[in-house]
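Novice: Below is one structure. I have some questions about it.
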Amino acid sequence: MNALVIRDLHVKINESHILHGVNFDVPSHKVTALLGRNGVGKSTTLKGILGLYSSTGSVQLNGQELIGMPTYKIAQSGVAYVPEDREIFSTLSVRENLALASRSKTNNAAFESIYELFPELKTRAIQLAGSLSGGQQQMVAIARAMLNTNEILLVDEPTKGLAPKLVTEVADALAKVAEATTMLLVEQNLALVKRIAHHVVVMDQGRVIFQGEPENLDDPSWVHQMLGVSGGHK
Amino acid sequence: MLRWKYSRPLLVLFVSLLALAPLLGSNPLSQPGFQQTMAVAFIWGGLALTYDLLFGFTGLLSFGHALYFATGVYVTCILINHEVVVWWLAALISIAVSAILALLVGAASLRTTGITFAMVTLAFGEAGHVILQRNFFNLTGGENGIALNADLIPEFWISVANTKFIYWAALAALIFTYVVIWWVTESSAGRVFAALRDNELRVQVLGLNTQRFKLLSFVISAALAALLGAVMLIAAGSAAPRFADAGVTISLLLMVVLGGAVTRWGAVIGGIFYSVATTRMQDLTQQDAFKTIPKWIGGPIAEPAFVLGLLFIFVVMFAPGGLSGAYYRLRLRAITKKSQ
Amino acid sequence: MDTFILIGITGIGLGALYFLIASGLSLIYGLMGVLNFAHGSFLTVGAFVGFWIASKTGFETSMPEFILAMIVGGLAAGLFALLIEQLLITRLYDRHIDQALVTVGVALVVGAVLGGWFGNDLRMFPAPMWFLTAIDIGGAKIPADRVVYIATAVLLLVGNWALLKFTRIGLIIRAGVENRNMVNALGINVRRAFSTVFFLGGFAAGVGGVLVSVYSNGVSPLIAGTYLIYGFIVVVIGGMGSVPGSFLAAMMIGVIRQFANYYATGLGDFVVVILLAVVLLIRPQGLLGKVRA
Ligand SMILES: Nc1ncnc2c1ncn2[C@@H]1O[C@H](COP(=O)(O)OP(=O)(O)OP(=O)(O)O)[C@@H](O)[C@H]1O
Ligand SMILES: [Mg+2]
């Protein structure tokens with residue numbers, strides 16, 4: 001069963017054609033990693049799914065067509081998003097960031113489980129999110145996506161720019177999150193991908209060039225050819 | 001580009017006809033009244049074109065363009081009235097003053113972009129307007145402005161019988177403005193302006209100093225506006241604060257949007273149409289037939305801003321590209337039909 | 001000393017009027033990127049409706065009647081703003097330049113309609129007699145109307161702050177000023193916040209319109225002119241999207257302008273523009289504005 005089915009997705013930004021017909025599936029209750037070199041259109045794919053760019057083609061969430069819907073309705077249908085640069089609201093406190101994201105009023109259980117996963121967010125509830133460290137900001141961004149019951153989580157480079165210790169922390173959190181939900185994960189850290197992904201999709205120049213098993217990541221020549229990085233670790 | 005191969009010879013013919021009309025026996029343009037109307041309309045056409053260079057070609061939404069037009073009017077008038085220099089030199093100096101003013105204001109306001117830039121230029125323009133109304137050092141005559149001292153300019157600028165000279169001066173200023181802007185926008189600098197409007201980042205990547213090109217466009221349009229201001233001084237016979245009003249710039253924006261930006265001729269036609277329309281509409285509403293319309297609808301219609309404002313909203317919402325845009329769409333359709 | 005206090009408080013009173021128009025301009029710009037030239041018409045609409053209410057009650061207006069005129073004027077302006085937003089602005093979603101152009105058109109049409117109906121002459125506004133009494137503050141005799149301007153502005157500032165701070169829509173507005181796309185991506189229809197902000201901005205401008213007509217001794221379709229321009233200057237100096245920034249800048253400009261005018265007749269506007277240039281050179285994002293990504 002596929003949660004998300006993407007067919008012939010095209011995105012143009014200011015006249016430049018970024019995605020040239022992207023096709024792939026995201027199976028339910030599995031983690032699918034979206035890989036590729038820098039600038040191939042991974043983030044653009046996620047934003048296209050969310051309707052943040054106007055796109056053509058077809059994106060179906062459990063059979064429901066998302067293309068043409070406004071972003072807020074797509075999100076309400078159960079697509080949660082952890083963006084590449086976190087995009088937490090820096091002038092709002094941590095608690096306000098979470099309160100904004102929560103779509104139901106009586107959500108105490110969800111808040112409790114978030115605070116359990118990220119205790120630090122509880123102690124820093126009234127701190128302005130802009131003054132948090134990069135890792136803490138990433139926790140806010142992930143927590144924000146988990147407050148509501150969702151069909152799928154789109155996560156864009158959650159470990160980008162984090163210190164190694166924080167990478168582990170974020171990776172642990174993601175692994176826990178991944179147990180319960182469908183996830184489409186863009187990630188450069190191949191160790192993390194190997195740890196939690198069930199499928200990999202590789203993009204190049206606005207197209208999907210490979211769909212398959214994460215075991216391929218163990219083959220250095222495959223990795224080199226597909227992703228242009230050497231070895232299985234970065 | 002959708003150029004029509006007869007357009008240039010036809011344009012030359014049409015302009016020659018316009019230039020010779022006052023001499024060609026009896027026609028509307030041999031009457032001083034209509035010559036005056038058209039002279040003013042030509043000045044507005046030229047001003048709209050200078051605004052098109054900013055807004056259309058460079059993508060700078062300035063709300064303070066009236067400042068440079070008024071600089072042309074006032075500086076010329078003050079220099080003539082105080083017998084500082086002869087009239088034509090006064091006009092030249094006003095152009096230089098306007099360019100320097102634009103250089104200073106532009107350097108400060110171009111630190112901002114987009115909508116902020118609009119606000120900032122508006123603020124500077126209004127400051128100029130306010131200062132003119134204040135009559136510092138007894139120079140600007142305050143709210144009433146200053147009358148041009150007719151004894152200090154040559155005879156041919158003055159009597160009603162000589163209105164054709166004003167008409168010619170305005171036409172010449174319009175043609176000069178057109179040629180300069182044509183040259184600027186078709187030159188390599190012009191292509192940079194256009195690229196700036198479409199994608200500033202790309203120009204920056206090419207290693208060009210975008211700030212300098214924007215400033216250049218700002219200064220050129222200001223200098224040309226001052227030239228047209230000097231001609232306006234002679235046509236109007238006085239300098240008044242209304243030339244510096246933010247309403248002037250807003251009218252220019254209307255002219256360019258109605259006529260269509262980035263086509264040059266669109267702005268000129270927009271300016272001429274707007275100027276003639278506002279004059280004519282006032283005549284129209286003086287007629288008796290008009291008085292029978294109930295006041296609640298007749299009152300607003302009597303204000304040119306009502307009809308033009310509605311037209312403007314309509315064009316922005318439903319017909320972007322204005323008159324010239326519509327023309328090119330039609331031609332494009334005709335061409336694609338033919339080639340099928 | 002008492003002239004000093006008088007000029008200072010008059011300046012603050014004037015600043016209060018600037019704030020009433022600038023607060024809406026700033027929020028509308030901060031949230032939606034719309035440079036709203038129709039904001040002056042909101043002020044005028046509020047002024048005329050308030051004038052109509054105040055005139056209903058005869059030549060003399062009591063204080064409750066005046067407050068009623070302010071509220072009804074504000075509501076009328078707010079609804080008018082909402083209408084403009086729904087009818088025109090939302091259809092030009094994210095076409096910022098076109099949005100600004102359309103609001104220019106609205107300003108023209110509203111000015112023409114009001115001018116056609118009522119003429120452009122100033123009509124005497126029946127303000128409460130109480131406004132003419134002088135209040136003694138530190139030995140200075142302060143005209144009571146100044147105090148009303150300041151109190152209204154402070155009330156609106158506090159109300160605005162409370163709304164932004166304690167309500168969900170306020171939270172959405174604050175988040176939207178920072179990053180609209182992300183608010184949408186959280187499943188929140190940010191356009192509802194747009195409408196709220198337009199209504200509130202219109203309301204503040206409408207209340208300001210009633211007060212401006214008292215300050216300038218009457219209503220006419222032309223009263224908004226300089227206030228709109230000063231509103232823009234205040235927004236730029238205070239920082240786009242920051243209501244406290246607008247408040248600070250409005251007070252600063254009101255006071256500086258009054259003092260400059262007193263000590264160097266007529267120089268007030270000039271000094272304000274110099275201030276604007278200096279702020280732009282040192283802090284292009286304004287006093288409390290954030291640098292936008
Ligand atoms: N707003 C934009 N305007 C123009 N081009 C854009 C824009 N956003 C992205 N692009 C271009 O689209 C292409 C794909 O960008 P995208 O951010 O999707 O890449 P990515 O695969 O996520 O790369 P990375 O691994 O570096 O995050 C790039 O070439 C980028 O330059
Ligand atoms: Mg990316």
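Residues are referred to by chain and number: the chain letter is A, B, ... according to the order shown in the structure tokens, the number counts from 1 in that chain, and ligands are numbered separately from 1 in the order shown.
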Write out as JSON lines a residue-level contact list of chain A versus ligand 1 with cut-off 7 Å: for each qualifying residue the closest pair of atoms and the distance in Å to one decimal, counting only C-alpha atoms and all ligand atoms, rows sorted by chain and residue number upward.
Specialist:
{"residue": "A:Ile13", "atom": "CA", "partner": "ligand 1", "partner_atom_place_in_ligand_line": "3 (N)", "distance": 5.4}
{"residue": "A:Asn14", "atom": "CA", "partner": "ligand 1", "partner_atom_place_in_ligand_line": "3 (N)", "distance": 6.4}
{"residue": "A:Ser16", "atom": "CA", "partner": "ligand 1", "partner_atom_place_in_ligand_line": "4 (C)", "distance": 6.7}
{"residue": "A:Ile18", "atom": "CA", "partner": "ligand 1", "partner_atom_place_in_ligand_line": "12 (O)", "distance": 5.1}
{"residue": "A:Gly36", "atom": "CA", "partner": "ligand 1", "partner_atom_place_in_ligand_line": "21 (O)", "distance": 6.5}
{"residue": "A:Arg37", "atom": "CA", "partner": "ligand 1", "partner_atom_place_in_ligand_line": "25 (O)", "distance": 5.9}
{"residue": "A:Asn38", "atom": "CA", "partner": "ligand 1", "partner_atom_place_in_ligand_line": "25 (O)", "distance": 3.6}
{"residue": "A:Gly39", "atom": "CA", "partner": "ligand 1", "partner_atom_place_in_ligand_line": "19 (O)", "distance": 3.4}
{"residue": "A:Val40", "atom": "CA", "partner": "ligand 1", "partner_atom_place_in_ligand_line": "21 (O)", "distance": 4.0}
{"residue": "A:Gly41", "atom": "CA", "partner": "ligand 1", "partner_atom_place_in_ligand_line": "18 (O)", "distance": 3.1}
{"residue": "A:Lys42", "atom": "CA", "partner": "ligand 1", "partner_atom_place_in_ligand_line": "21 (O)", "distance": 3.7}
{"residue": "A:Ser43", "atom": "CA", "partner": "ligand 1", "partner_atom_place_in_ligand_line": "22 (O)", "distance": 3.6}
{"residue": "A:Thr44", "atom": "CA", "partner": "ligand 1", "partner_atom_place_in_ligand_line": "18 (O)", "distance": 3.6}
{"residue": "A:Thr45", "atom": "CA", "partner": "ligand 1", "partner_atom_place_in_ligand_line": "18 (O)", "distance": 6.4}
Novice: At a cut-off of 12 Å, can you tabulate as a tab-separated table every residue of chain C near chain A together with its closest atom pair and the distance in Å to one decimal, using only C-alpha atoms and ordering rows by chain then number?
Specialist:
residue	atom	partner	partner_atom	distance
C:Leu164	CA	A:Leu92	CA	11.1
C:Lys165	CA	A:Glu96	CA	9.8
C:Phe166	CA	A:Glu96	CA	10.2
C:Thr167	CA	A:Leu100	CA	10.6
C:Arg168	CA	A:Leu100	CA	7.6
C:Ile169	CA	A:Leu100	CA	9.5
C:Gly170	CA	A:Leu100	CA	10.2
C:Leu171	CA	A:Leu100	CA	6.8
C:Ile172	CA	A:Leu100	CA	6.9
C:Ile173	CA	A:Leu100	CA	10.5
C:Arg174	CA	A:Leu92	CA	7.8
C:Ala175	CA	A:Phe89	CA	6.1
C:Gly176	CA	A:Phe89	CA	9.0
C:Val177	CA	A:Phe89	CA	9.7
C:Glu178	CA	A:Phe89	CA	6.7
C:Asn179	CA	A:Phe89	CA	7.3
C:Arg180	CA	A:Phe89	CA	10.2
C:Asn181	CA	A:Leu52	CA	7.1
C:Met182	CA	A:Glu87	CA	7.0
C:Val183	CA	A:Tyr72	CA	8.0
C:Asn184	CA	A:Tyr72	CA	4.6
C:Ala185	CA	A:Tyr72	CA	5.7
C:Leu186	CA	A:Ala101	CA	5.7
C:Gly187	CA	A:Tyr72	CA	4.0
C:Ile188	CA	A:Tyr72	CA	5.3
C:Asn189	CA	A:Tyr72	CA	5.5
C:Val190	CA	A:Tyr72	CA	8.1
C:Arg191	CA	A:Tyr72	CA	10.1
C:Arg192	CA	A:Tyr72	CA	11.6
C:Ser242	CA	A:Thr91	CA	11.4
C:Gly289	CA	A:Thr91	CA	11.7
C:Lys290	CA	A:Thr91	CA	9.8
C:Ala293	CA	A:Glu87	CA	10.9
Novice: Tell me, as a PyMOL selection string, which residues lie within 7 Å of range 72-86 of chain C, counting only C-alpha atoms; anything in the same chain fewer than 2 positions away does not count.
Specialist: chain C and resi 42-43+45-47+49-50+68-70+88-90+195+198-207+210
Novice: Run DSSP on the backbone and give me the residues of range 84-232 of chain A it puts in strand (DSSP E or B), as number ranges by chain.
Specialist: A: 93, 128, 152-156, 182-186, 199-204, 207-212
Novice: Select from range 24-252 of chain C everything DSSP, run on the backbone, classes as alpha helix (DSSP H), then give the selection as a count of residues only.
Specialist: 166
Novice: Which distance in Å separates CA of Leu101 in chain B and CA of Leu67 in chain B, to one decimal?
Specialist: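 CA of Leu67 in chain B lies 9.2 Å from CA of Leu101 in chain B.
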Novice: Would you mind telling me which residue in A:Glu84, A:Glu112, A:Asp8, A:Glu213 lies nearest to ligand 2 when using only C-alpha atoms and all ligand atoms?
Specialist: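 Of A:Glu84, A:Glu112, A:Asp8, A:Glu213, the one nearest ligand 2, counting only C-alpha atoms and all ligand atoms, is A:Glu84.
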Novice: Just the residues within 8 Å of Val197 in chain C, please, counting only C-alpha atoms, with nothing from its chain fewer than 5 positions along; format it as a PyMOL selection string.
Specialist: chain C and resi 24+27-28+173
Novice: Okay, now the selection with N, CA and C atoms, as a PDB file, in the first residue's frame?
Specialist:
ATOM      1  N   GLY C  24      -1.726  50.198  10.971  1.00  0.00           N
ATOM      2  CA  GLY C  24      -2.357  49.334   9.968  1.00  0.00           C
ATOM      3  C   GLY C  24      -1.470  49.143   8.754  1.00  0.00           C
ATOM      4  N   LEU C  27       1.332  46.644   9.612  1.00  0.00           N
ATOM      5  CA  LEU C  27       0.926  45.228   9.710  1.00  0.00           C
ATOM      6  C   LEU C  27       0.552  44.678   8.340  1.00  0.00           C
ATOM      7  N   ILE C  28      -0.172  45.466   7.568  1.00  0.00           N
ATOM      8  CA  ILE C  28      -0.587  45.006   6.241  1.00  0.00           C
ATOM      9  C   ILE C  28       0.649  44.751   5.385  1.00  0.00           C
ATOM     10  N   ILE C 173      -0.943  35.856  13.017  1.00  0.00           N
ATOM     11  CA  ILE C 173      -0.472  37.083  12.374  1.00  0.00           C
ATOM     12  C   ILE C 173       1.022  37.268  12.621  1.00  0.00           C
TER      13      ILE C 173
END
Novice: Based on only C-alpha atoms, which of the residues in chain B come within 6 Å of chain C? I want them as a list in words.
Specialist: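 The answer, sorted by residue number, is Gly299, Pro300, Glu303, Ala305, Phe306, Gly309 and Ile313 of chain B.
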Novice: Residues within 10 Å of range 132-135 of chain B, please, as a ChimeraX atom specification. Count only C-alpha atoms; anything in the same chain fewer than 6 positions from it doesn't count.
Specialist: /B:70-71,74,126,141-146,239-242,244 /C:265-267
Novice: So which residues touch Ser238 in chain B within 12 Å, counting only C-alpha atoms, skipping near sequence neighbours fewer than 2 positions away, as number ranges by chain?
Specialist: B: 70, 72-78, 80-81, 140-141, 144-150, 229-236, 240-243
Novice: Quick one: of A:Gly130, A:Gly63, A:Pro158, A:Pro220, who's nearest to ligand 2, counting only C-alpha atoms and all ligand atoms?
Specialist: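 For ligand 2, the nearest of the given residues is A:Pro158.
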Novice: Residues within 7 Å of Leu122 in chain C, please, as a list in words. Count only C-alpha atoms; anything in the same chain fewer than 3 positions from it doesn't count.
Specialist: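 Listed by chain and then number, they are Gly218, Val219 and Ser220 of chain C.
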Novice: Restricting the output to all heavy atoms, write the selected residues as a PDB file, in the first residue's frame.
Specialist:
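Result file follows (part.pdb):
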ATOM      1  N   GLY C 218     -12.086  70.014  10.742  1.00  0.00           N
ATOM      2  CA  GLY C 218     -13.194  69.663   9.859  1.00  0.00           C
ATOM      3  C   GLY C 218     -12.875  68.470   8.988  1.00  0.00           C
ATOM      4  O   GLY C 218     -11.740  67.996   8.961  1.00  0.00           O
ATOM      5  N   VAL C 219     -13.902  67.985   8.258  1.00  0.00           N
ATOM      6  CA  VAL C 219     -13.680  66.868   7.346  1.00  0.00           C
ATOM      7  C   VAL C 219     -13.693  67.351   5.907  1.00  0.00           C
ATOM      8  O   VAL C 219     -14.402  68.289   5.551  1.00  0.00           O
ATOM      9  CB  VAL C 219     -14.766  65.768   7.481  1.00  0.00           C
ATOM     10  CG1 VAL C 219     -14.547  64.953   8.710  1.00  0.00           C
ATOM     11  CG2 VAL C 219     -16.143  66.362   7.433  1.00  0.00           C
ATOM     12  N   SER C 220     -12.905  66.691   5.090  1.00  0.00           N
ATOM     13  CA  SER C 220     -12.952  66.875   3.642  1.00  0.00           C
ATOM     14  C   SER C 220     -12.280  65.648   3.043  1.00  0.00           C
ATOM     15  O   SER C 220     -11.531  64.952   3.740  1.00  0.00           O
ATOM     16  CB  SER C 220     -12.237  68.154   3.217  1.00  0.00           C
ATOM     17  OG  SER C 220     -10.918  67.868   2.833  1.00  0.00           O
TER      18      SER C 220
END
Novice: Go ahead and compute the interatomic distance for CA of Ala222 in chain B and CA of Gly271 in chain B, in Å to one decimal.
Specialist: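 Separation between CA of Ala222 in chain B and CA of Gly271 in chain B: 16.9 Å.
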